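Structure first, commentary second.
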Amino acid sequence: MKRIIFICLLFYINLGYSNNDSLVIKPWNQMSFLPDSNNYNLFFGGPSSIYKSIFFDFDKLSIFSDHPFFTPEQQDVLNVKPRVPVVDVQYLLGAQSEQNLAIYHTQPISRKSNYSLAYLNRSHGGYYNNQLTNSNFIQANFYLSSKKEKYKLHSGLKYHRIYNRQNGGIKNDSNFTHSSDLFLNRLLIDVNMDYAYSNDKLMKLFLNQSIQLNSYSDSSVNKSNVLDLKLQLKRKSRNYYDSLSASNFLYNNFDSIVSNDTIEKNIFFSKLSYTNSFSRDSVQRTILIGLNSELIKHNNLLIDTLFNNHFFESKGNIVSNKNSVSFLTEYYLSGFKKNNYKVELNASRKISNKINFKTHFSLNEHRPTYEIQQYLSNHLVWNNLFENMFAFSAFGKLEIGNVLFKANYTDVKRPIYFNELSFPQQFSGTSQVIQTSLNYKVIRKRIDILAEAIHQYQGGGQIFQLPEIIGQLKLNYKMVRKKTGFSLLFGINGRYYSSFNLMNYSPTINNFTISNEKLQSSYFTVDFIAKTKIQDVTLFAMVSHFNSGLMGYNYFTALNYPSPDRYIKFGIKWLFLN
């Protein structure tokens, strides 16, 4: 109650002190890029906890990632080039001592330089024993350009630390699905691991420079040639610790008392590229060629190795008023991934004011990353000689007024997955996923409606374990008073997914594994949101999973990991100018 009163007090104070400057600032909202803002992710617990996507996305497949055991890094902060200093503060709190604090600050130093700072802290006590999460994200950027912008510099630092207590899930699912008064407090339910945790860290330093070699401009023609140099030093590490008291570990390889496993990568990356841009009237053309190199030092228990990759890159696009075509090619000339390649082709056409069409094709040959081939930990040891994987993907999108139809076909040859014992295996055949979706929007003065239905067909090797049907319905009612800068929004969001086999989760390698032990039945969730904005202050409240327990307790993210129950969140977002 004290926190709610504090938020309301800040809100009313702002009514007296907010300025009515017509300057419009759209700062970088770092919380909007986090995975928990996605309707298709199921979580173990609170912010920064482990999550499983039920929507197939080829670009996020861990088997094609160069670092599959690590948490992906946060999106780079954007350069908004403000004319005045900007501070954007967002604070959100919820059940189980959940707190989210996001601070973004950017300020001009001179007419040609500015800096930006972003900080995000997220913590949550967890719904079950040993489920606490705590994460910190920091970014600092500096931007500089010459008088005529012939030289540009962008340097920065990026850091994150993501701490997750790993409880291994609950011991007996029936204690959750057949919940009684005794177990309304989830902390009374036994978990598989009482002391395990993981600590994921990233530190990145980068320096990007560009020099405009020459340029020409008149009333109809613009030409430019730019040379870019990007340097990047990155260190990624993941430490997993447990006391070996858990009953779900059958044997240990190196230590019978504790497991303190670490995998670490130090990466130096450089890219030298040349870009030629040309535009005449309404047609723009850009061509880029570049040479990329990376030197990787890999450490994992007794493994200490050094390897490199050198690859050629080319991309370009042609854009007109109604059409656009772009391509991307990558070919690895030497190193660990020698002869690997990627080819992408994108095209779009504006057929009329209400009809738009887009398509995408990609081919990708990928050598399995080093830790998939060779890995040492107290619980897992393997030494594999997997063949290269090959993937083909085709995507099409047709927009007709408020109706959007999408189709996506993905074929993965010789895919790699983790079996029931958390060991990687390679499927000798292929796995296919065919996705189709139909999306309908209604946008009126006061009402917005979004209805979406997604179908996912899996053929060949059943290694992705996805629901066949996903659907959502969003309804927002809004009132806006432009003269006073006041807006009020009430929204409801319903999400549905059909039944699917729950995957297991292996905390030692931070990956989901194949399991056919339990079928998650079809389920839907309902969320409510209320948001009000007066000038530069936004207050919002949300009730998530409102229908929790009304149809029983059978909602799981993975085997032995129930999804969060109903919870309420409150938040404030305050934009300070000058």
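Each chain in the structure tokens gets a letter, A, B, ..., in the order shown, and its residues are numbered from 1; ligands are numbered from 1 in order too.
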Residue list (alpha helix (DSSP H), DSSP) for region 265-505 of chain A, as number ranges by chain: A: 370-373
Any chance you can output those residues with C-alpha atoms as a PDB file, in the first residue's frame?
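Writing the result to out-v2.pdb gives the following:
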ATOM      1  CA  TYR A 370      32.487 -26.008 -30.427  1.00  0.00           C
ATOM      2  CA  GLU A 371      30.677 -26.706 -27.147  1.00  0.00           C
ATOM      3  CA  ILE A 372      28.199 -28.923 -29.000  1.00  0.00           C
ATOM      4  CA  GLN A 373      31.145 -30.937 -30.288  1.00  0.00           C
TER       5      GLN A 373
END
Residues of region 197-304 of chain A at most 12 Å from region 133-154 of chain A: nearest atom pair and distance in Å, only C-alpha atoms, as CSV:
residue,atom,partner,partner_atom,distance
A:Tyr197,CA,A:Thr133,CA,9.5
A:Ser198,CA,A:Thr133,CA,9.8
A:Asn199,CA,A:Ser135,CA,9.5
A:Asp200,CA,A:Ser135,CA,9.2
A:Lys201,CA,A:Asn136,CA,9.6
A:Leu202,CA,A:Phe137,CA,9.5
A:Met203,CA,A:Ile138,CA,9.6
A:Lys204,CA,A:Gln139,CA,9.5
A:Leu205,CA,A:Ala140,CA,9.8
A:Phe206,CA,A:His154,CA,8.2
A:Leu207,CA,A:His154,CA,6.0
A:Asn208,CA,A:His154,CA,5.1
A:Gln209,CA,A:Leu153,CA,4.6
A:Ser210,CA,A:Lys152,CA,5.2
A:Ile211,CA,A:Tyr151,CA,4.7
A:Gln212,CA,A:Lys150,CA,4.8
A:Leu213,CA,A:Lys150,CA,7.7
A:Asn214,CA,A:Lys150,CA,8.5
A:Ser215,CA,A:Lys150,CA,9.2
A:Ser224,CA,A:Lys150,CA,10.2
A:Asn225,CA,A:Lys150,CA,10.2
A:Val226,CA,A:Lys150,CA,8.7
A:Leu227,CA,A:Tyr151,CA,9.7
A:Asp228,CA,A:Lys152,CA,9.4
A:Leu229,CA,A:Leu153,CA,9.8
A:Lys230,CA,A:His154,CA,9.4
A:Leu231,CA,A:His154,CA,10.6
A:Gln232,CA,A:His154,CA,11.6
Interatomic distance (Å, one decimal) between CA of Tyr341 (chain A) and CA of Glu73 (chain A): 23.6 Å
Running DSSP on the backbone, which parts of region 115-193 of chain A land in strand (DSSP E or B), as a PDB file with N, CA and C atoms, in the first residue's frame?
ATOM      1  N   TYR A 115      26.141  11.612 -25.637  1.00  0.00           N
ATOM      2  CA  TYR A 115      26.348  10.332 -24.973  1.00  0.00           C
ATOM      3  C   TYR A 115      25.005   9.824 -24.458  1.00  0.00           C
ATOM      4  N   SER A 116      24.961   8.542 -24.148  1.00  0.00           N
ATOM      5  CA  SER A 116      23.752   7.942 -23.578  1.00  0.00           C
ATOM      6  C   SER A 116      24.145   6.871 -22.576  1.00  0.00           C
ATOM      7  N   LEU A 117      23.335   6.757 -21.539  1.00  0.00           N
ATOM      8  CA  LEU A 117      23.537   5.760 -20.494  1.00  0.00           C
ATOM      9  C   LEU A 117      22.218   5.041 -20.265  1.00  0.00           C
ATOM     10  N   ALA A 118      22.279   3.745 -20.072  1.00  0.00           N
ATOM     11  CA  ALA A 118      21.078   2.955 -19.793  1.00  0.00           C
ATOM     12  C   ALA A 118      21.396   1.954 -18.692  1.00  0.00           C
ATOM     13  N   TYR A 119      20.508   1.885 -17.715  1.00  0.00           N
ATOM     14  CA  TYR A 119      20.674   0.939 -16.609  1.00  0.00           C
ATOM     15  C   TYR A 119      19.341   0.252 -16.351  1.00  0.00           C
ATOM     16  N   LEU A 120      19.387  -1.044 -16.164  1.00  0.00           N
ATOM     17  CA  LEU A 120      18.193  -1.815 -15.875  1.00  0.00           C
ATOM     18  C   LEU A 120      18.512  -2.850 -14.807  1.00  0.00           C
ATOM     19  N   ASN A 121      17.728  -2.847 -13.741  1.00  0.00           N
ATOM     20  CA  ASN A 121      17.852  -3.858 -12.692  1.00  0.00           C
ATOM     21  C   ASN A 121      16.514  -4.556 -12.522  1.00  0.00           C
ATOM     22  N   ARG A 122      16.552  -5.882 -12.458  1.00  0.00           N
ATOM     23  CA  ARG A 122      15.329  -6.665 -12.308  1.00  0.00           C
ATOM     24  C   ARG A 122      15.568  -7.735 -11.237  1.00  0.00           C
ATOM     25  N   SER A 123      14.628  -7.867 -10.320  1.00  0.00           N
ATOM     26  CA  SER A 123      14.749  -8.882  -9.276  1.00  0.00           C
ATOM     27  C   SER A 123      13.374  -9.449  -8.953  1.00  0.00           C
ATOM     28  N   HIS A 124      13.382 -10.690  -8.504  1.00  0.00           N
ATOM     29  CA  HIS A 124      12.129 -11.382  -8.186  1.00  0.00           C
ATOM     30  C   HIS A 124      12.443 -12.484  -7.185  1.00  0.00           C
ATOM     31  N   THR A 133      15.582 -14.556  -8.816  1.00  0.00           N
ATOM     32  CA  THR A 133      16.324 -14.067  -9.974  1.00  0.00           C
ATOM     33  C   THR A 133      16.766 -12.625  -9.721  1.00  0.00           C
ATOM     34  N   ASN A 134      17.922 -12.277 -10.249  1.00  0.00           N
ATOM     35  CA  ASN A 134      18.417 -10.907 -10.147  1.00  0.00           C
ATOM     36  C   ASN A 134      19.295 -10.631 -11.349  1.00  0.00           C
ATOM     37  N   SER A 135      19.044  -9.533 -12.034  1.00  0.00           N
ATOM     38  CA  SER A 135      19.826  -9.221 -13.232  1.00  0.00           C
ATOM     39  C   SER A 135      20.112  -7.732 -13.307  1.00  0.00           C
ATOM     40  N   ASN A 136      21.247  -7.406 -13.908  1.00  0.00           N
ATOM     41  CA  ASN A 136      21.662  -6.022 -14.127  1.00  0.00           C
ATOM     42  C   ASN A 136      22.126  -5.865 -15.564  1.00  0.00           C
ATOM     43  N   PHE A 137      21.640  -4.820 -16.225  1.00  0.00           N
ATOM     44  CA  PHE A 137      22.047  -4.508 -17.584  1.00  0.00           C
ATOM     45  C   PHE A 137      22.536  -3.058 -17.615  1.00  0.00           C
ATOM     46  N   ILE A 138      23.733  -2.851 -18.157  1.00  0.00           N
ATOM     47  CA  ILE A 138      24.310  -1.507 -18.231  1.00  0.00           C
ATOM     48  C   ILE A 138      24.831  -1.271 -19.644  1.00  0.00           C
ATOM     49  N   GLN A 139      24.529  -0.094 -20.189  1.00  0.00           N
ATOM     50  CA  GLN A 139      25.091   0.309 -21.466  1.00  0.00           C
ATOM     51  C   GLN A 139      25.528   1.767 -21.383  1.00  0.00           C
ATOM     52  N   ALA A 140      26.676   2.051 -21.965  1.00  0.00           N
ATOM     53  CA  ALA A 140      27.175   3.422 -22.049  1.00  0.00           C
ATOM     54  C   ALA A 140      27.696   3.650 -23.461  1.00  0.00           C
ATOM     55  N   ASN A 141      27.255   4.736 -24.102  1.00  0.00           N
ATOM     56  CA  ASN A 141      27.607   4.991 -25.494  1.00  0.00           C
ATOM     57  C   ASN A 141      28.041   6.439 -25.685  1.00  0.00           C
ATOM     58  N   PHE A 142      28.979   6.618 -26.597  1.00  0.00           N
ATOM     59  CA  PHE A 142      29.455   7.959 -26.968  1.00  0.00           C
ATOM     60  C   PHE A 142      29.431   8.077 -28.485  1.00  0.00           C
ATOM     61  N   TYR A 143      28.879   9.197 -28.979  1.00  0.00           N
ATOM     62  CA  TYR A 143      28.743   9.427 -30.413  1.00  0.00           C
ATOM     63  C   TYR A 143      29.429  10.746 -30.782  1.00  0.00           C
ATOM     64  N   LEU A 144      30.152  10.713 -31.901  1.00  0.00           N
ATOM     65  CA  LEU A 144      30.882  11.890 -32.360  1.00  0.00           C
ATOM     66  C   LEU A 144      30.879  11.915 -33.882  1.00  0.00           C
ATOM     67  N   SER A 145      30.694  13.104 -34.438  1.00  0.00           N
ATOM     68  CA  SER A 145      30.785  13.257 -35.885  1.00  0.00           C
ATOM     69  C   SER A 145      31.493  14.566 -36.201  1.00  0.00           C
ATOM     70  N   TYR A 151      33.231  12.099 -40.908  1.00  0.00           N
ATOM     71  CA  TYR A 151      33.790  11.109 -39.976  1.00  0.00           C
ATOM     72  C   TYR A 151      32.807  10.915 -38.829  1.00  0.00           C
ATOM     73  N   LYS A 152      32.528   9.649 -38.489  1.00  0.00           N
ATOM     74  CA  LYS A 152      31.627   9.332 -37.386  1.00  0.00           C
ATOM     75  C   LYS A 152      32.269   8.290 -36.488  1.00  0.00           C
ATOM     76  N   LEU A 153      32.028   8.446 -35.207  1.00  0.00           N
ATOM     77  CA  LEU A 153      32.571   7.514 -34.226  1.00  0.00           C
ATOM     78  C   LEU A 153      31.478   7.117 -33.244  1.00  0.00           C
ATOM     79  N   HIS A 154      31.434   5.842 -32.941  1.00  0.00           N
ATOM     80  CA  HIS A 154      30.487   5.315 -31.960  1.00  0.00           C
ATOM     81  C   HIS A 154      31.242   4.308 -31.099  1.00  0.00           C
ATOM     82  N   SER A 155      31.399   4.602 -29.842  1.00  0.00           N
ATOM     83  CA  SER A 155      32.098   3.707 -28.924  1.00  0.00           C
ATOM     84  C   SER A 155      31.202   3.438 -27.725  1.00  0.00           C
ATOM     85  N   GLY A 156      31.461   2.342 -27.053  1.00  0.00           N
ATOM     86  CA  GLY A 156      30.600   2.046 -25.918  1.00  0.00           C
ATOM     87  C   GLY A 156      31.023   0.832 -25.131  1.00  0.00           C
ATOM     88  N   LEU A 157      30.301   0.640 -24.063  1.00  0.00           N
ATOM     89  CA  LEU A 157      30.482  -0.491 -23.158  1.00  0.00           C
ATOM     90  C   LEU A 157      29.123  -1.121 -22.901  1.00  0.00           C
ATOM     91  N   LYS A 158      29.118  -2.434 -22.808  1.00  0.00           N
ATOM     92  CA  LYS A 158      27.887  -3.170 -22.571  1.00  0.00           C
ATOM     93  C   LYS A 158      28.167  -4.263 -21.548  1.00  0.00           C
ATOM     94  N   TYR A 159      27.262  -4.374 -20.571  1.00  0.00           N
ATOM     95  CA  TYR A 159      27.488  -5.357 -19.503  1.00  0.00           C
ATOM     96  C   TYR A 159      26.146  -5.919 -19.048  1.00  0.00           C
ATOM     97  N   HIS A 160      26.132  -7.216 -18.801  1.00  0.00           N
ATOM     98  CA  HIS A 160      24.973  -7.781 -18.095  1.00  0.00           C
ATOM     99  C   HIS A 160      25.418  -8.912 -17.172  1.00  0.00           C
ATOM    100  N   ARG A 161      24.691  -9.032 -16.081  1.00  0.00           N
ATOM    101  CA  ARG A 161      24.872 -10.136 -15.137  1.00  0.00           C
ATOM    102  C   ARG A 161      23.483 -10.668 -14.817  1.00  0.00           C
ATOM    103  N   ILE A 162      23.271 -11.945 -15.087  1.00  0.00           N
ATOM    104  CA  ILE A 162      21.967 -12.563 -14.881  1.00  0.00           C
ATOM    105  C   ILE A 162      22.144 -13.740 -13.921  1.00  0.00           C
ATOM    106  N   TYR A 163      21.569 -13.577 -12.742  1.00  0.00           N
ATOM    107  CA  TYR A 163      21.694 -14.581 -11.686  1.00  0.00           C
ATOM    108  C   TYR A 163      20.358 -15.298 -11.529  1.00  0.00           C
ATOM    109  N   ASN A 164      20.383 -16.617 -11.648  1.00  0.00           N
ATOM    110  CA  ASN A 164      19.174 -17.438 -11.501  1.00  0.00           C
ATOM    111  C   ASN A 164      19.442 -18.571 -10.525  1.00  0.00           C
ATOM    112  N   ARG A 165      18.631 -18.668  -9.511  1.00  0.00           N
ATOM    113  CA  ARG A 165      18.678 -19.861  -8.669  1.00  0.00           C
ATOM    114  C   ARG A 165      17.949 -20.986  -9.393  1.00  0.00           C
ATOM    115  N   ILE A 170       9.656 -28.650  -9.408  1.00  0.00           N
ATOM    116  CA  ILE A 170       9.072 -29.262  -8.215  1.00  0.00           C
ATOM    117  C   ILE A 170       9.202 -30.783  -8.296  1.00  0.00           C
ATOM    118  N   VAL A 191      11.159 -28.978  -3.936  1.00  0.00           N
ATOM    119  CA  VAL A 191      11.800 -28.830  -5.245  1.00  0.00           C
ATOM    120  C   VAL A 191      12.957 -29.805  -5.340  1.00  0.00           C
TER     121      VAL A 191
END
Minimum-distance residue to Leu450 (chain A), chosen among A:Asp255, A:Thr410, A:Leu466, A:Val403 (using only C-alpha atoms):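 Counting only C-alpha atoms, the residue closest to Leu450 (chain A) is A:Val403.
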Asp448 (chain A) environment, 7 Å, only C-alpha atoms, sequence neighbours closer than 4 positions dropped, as a PyMOL selection string: chain A and resi 442-444+475-477
Save out the residues we just selected, N, CA, C and O atoms, as an mmCIF file, in the first residue's frame.
data_model
loop_
_atom_site.group_PDB
_atom_site.id
_atom_site.type_symbol
_atom_site.label_atom_id
_atom_site.label_comp_id
_atom_site.auth_asym_id
_atom_site.auth_seq_id
_atom_site.Cartn_x
_atom_site.Cartn_y
_atom_site.Cartn_z
ATOM 1 N N VAL A 442 -8.531 -4.005 -36.054
ATOM 2 C CA VAL A 442 -9.540 -2.955 -36.150
ATOM 3 C C VAL A 442 -9.038 -1.781 -35.320
ATOM 4 O O VAL A 442 -8.798 -1.916 -34.121
ATOM 5 N N ILE A 443 -8.850 -0.646 -35.958
ATOM 6 C CA ILE A 443 -8.353 0.546 -35.270
ATOM 7 C C ILE A 443 -9.377 1.655 -35.437
ATOM 8 O O ILE A 443 -9.631 2.131 -36.542
ATOM 9 N N ARG A 444 -9.970 2.042 -34.338
ATOM 10 C CA ARG A 444 -10.948 3.119 -34.327
ATOM 11 C C ARG A 444 -10.484 4.206 -33.378
ATOM 12 O O ARG A 444 -9.421 4.127 -32.776
ATOM 13 N N LEU A 475 -8.079 -6.454 -26.934
ATOM 14 C CA LEU A 475 -9.099 -5.416 -27.029
ATOM 15 C C LEU A 475 -8.679 -4.256 -26.133
ATOM 16 O O LEU A 475 -8.496 -4.429 -24.927
ATOM 17 N N ASN A 476 -8.511 -3.075 -26.723
ATOM 18 C CA ASN A 476 -8.123 -1.879 -25.980
ATOM 19 C C ASN A 476 -9.171 -0.782 -26.178
ATOM 20 O O ASN A 476 -9.612 -0.529 -27.302
ATOM 21 N N TYR A 477 -9.538 -0.151 -25.074
ATOM 22 C CA TYR A 477 -10.421 1.014 -25.115
ATOM 23 C C TYR A 477 -9.627 2.208 -24.609
ATOM 24 O O TYR A 477 -9.035 2.163 -23.530
#
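Near Asn260 (chain A), within 12 Å and counting only C-alpha atoms, sit Tyr195, Ala196, Tyr197, Ser198, Asn199, Arg238, Asn239, Tyr240, Tyr241, Asp242, Ser243, Leu244, Asn252, Phe254, Asp255, Ser256, Ile257, Val258, Thr262, Ile263, Asn300, Leu301, Leu376, Ser377, Asn378, His379 and Thr508 of chain A, not including residues fewer than 2 positions from it in the same chain.
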For Lys350 (chain A): contacts at 9 Å, only C-alpha atoms, fewer than 5 positions along chain excluded, given as a ChimeraX atom specification: /A:321-323,355-358
Go ahead and dump the residues you just picked, all heavy atoms, as a CSV table (one decimal), in the first residue's frame.
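File written: out.csv
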chain,number,residue,atom,x,y,z
A,321,ASN,N,9.7,3.7,-54.7
A,321,ASN,CA,8.4,4.1,-53.9
A,321,ASN,C,7.5,2.9,-53.6
A,321,ASN,O,6.9,2.8,-52.6
A,321,ASN,CB,7.6,5.1,-54.8
A,321,ASN,CG,8.3,6.4,-54.8
A,321,ASN,OD1,9.1,6.8,-53.9
A,321,ASN,ND2,8.1,7.2,-55.9
A,322,LYS,N,7.5,1.9,-54.5
A,322,LYS,CA,6.6,0.8,-54.3
A,322,LYS,C,7.3,-0.6,-54.2
A,322,LYS,O,6.7,-1.6,-53.8
A,322,LYS,CB,5.6,0.7,-55.5
A,322,LYS,CG,4.7,1.9,-55.6
A,322,LYS,CD,3.7,1.6,-56.7
A,322,LYS,CE,2.6,2.8,-56.8
A,322,LYS,NZ,1.6,2.6,-57.8
A,323,ASN,N,8.6,-0.7,-54.5
A,323,ASN,CA,9.3,-1.9,-54.5
A,323,ASN,C,10.6,-1.8,-53.7
A,323,ASN,O,11.2,-0.8,-53.6
A,323,ASN,CB,9.6,-2.4,-55.9
A,323,ASN,CG,8.3,-2.5,-56.8
A,323,ASN,OD1,7.5,-3.4,-56.5
A,323,ASN,ND2,8.2,-1.6,-57.7
A,355,ILE,N,-2.8,-2.8,-50.1
A,355,ILE,CA,-2.3,-4.2,-50.4
A,355,ILE,C,-0.7,-4.1,-50.4
A,355,ILE,O,-0.2,-3.4,-51.2
A,355,ILE,CB,-2.8,-4.8,-51.7
A,355,ILE,CG1,-4.3,-4.8,-51.6
A,355,ILE,CG2,-2.2,-6.2,-51.9
A,355,ILE,CD1,-5.0,-5.4,-52.9
A,356,ASN,N,-0.1,-4.9,-49.6
A,356,ASN,CA,1.4,-5.0,-49.5
A,356,ASN,C,1.8,-6.4,-49.4
A,356,ASN,O,1.1,-7.2,-48.8
A,356,ASN,CB,1.9,-4.2,-48.3
A,356,ASN,CG,1.7,-2.7,-48.3
A,356,ASN,OD1,2.4,-2.0,-49.1
A,356,ASN,ND2,0.7,-2.3,-47.6
A,357,PHE,N,2.9,-6.7,-50.1
A,357,PHE,CA,3.4,-8.1,-50.1
A,357,PHE,C,4.9,-8.1,-49.8
A,357,PHE,O,5.7,-7.3,-50.3
A,357,PHE,CB,3.2,-8.7,-51.5
A,357,PHE,CG,3.7,-10.1,-51.6
A,357,PHE,CD1,3.1,-11.2,-51.0
A,357,PHE,CD2,4.9,-10.3,-52.3
A,357,PHE,CE1,3.7,-12.5,-51.1
A,357,PHE,CE2,5.4,-11.6,-52.4
A,357,PHE,CZ,4.8,-12.7,-51.8
A,358,LYS,N,5.3,-9.1,-48.9
A,358,LYS,CA,6.7,-9.2,-48.6
A,358,LYS,C,7.1,-10.7,-48.6
A,358,LYS,O,6.3,-11.6,-48.3
A,358,LYS,CB,7.0,-8.6,-47.2
A,358,LYS,CG,6.9,-7.1,-47.1
A,358,LYS,CD,7.4,-6.7,-45.7
A,358,LYS,CE,7.3,-5.2,-45.6
A,358,LYS,NZ,7.7,-4.7,-44.3
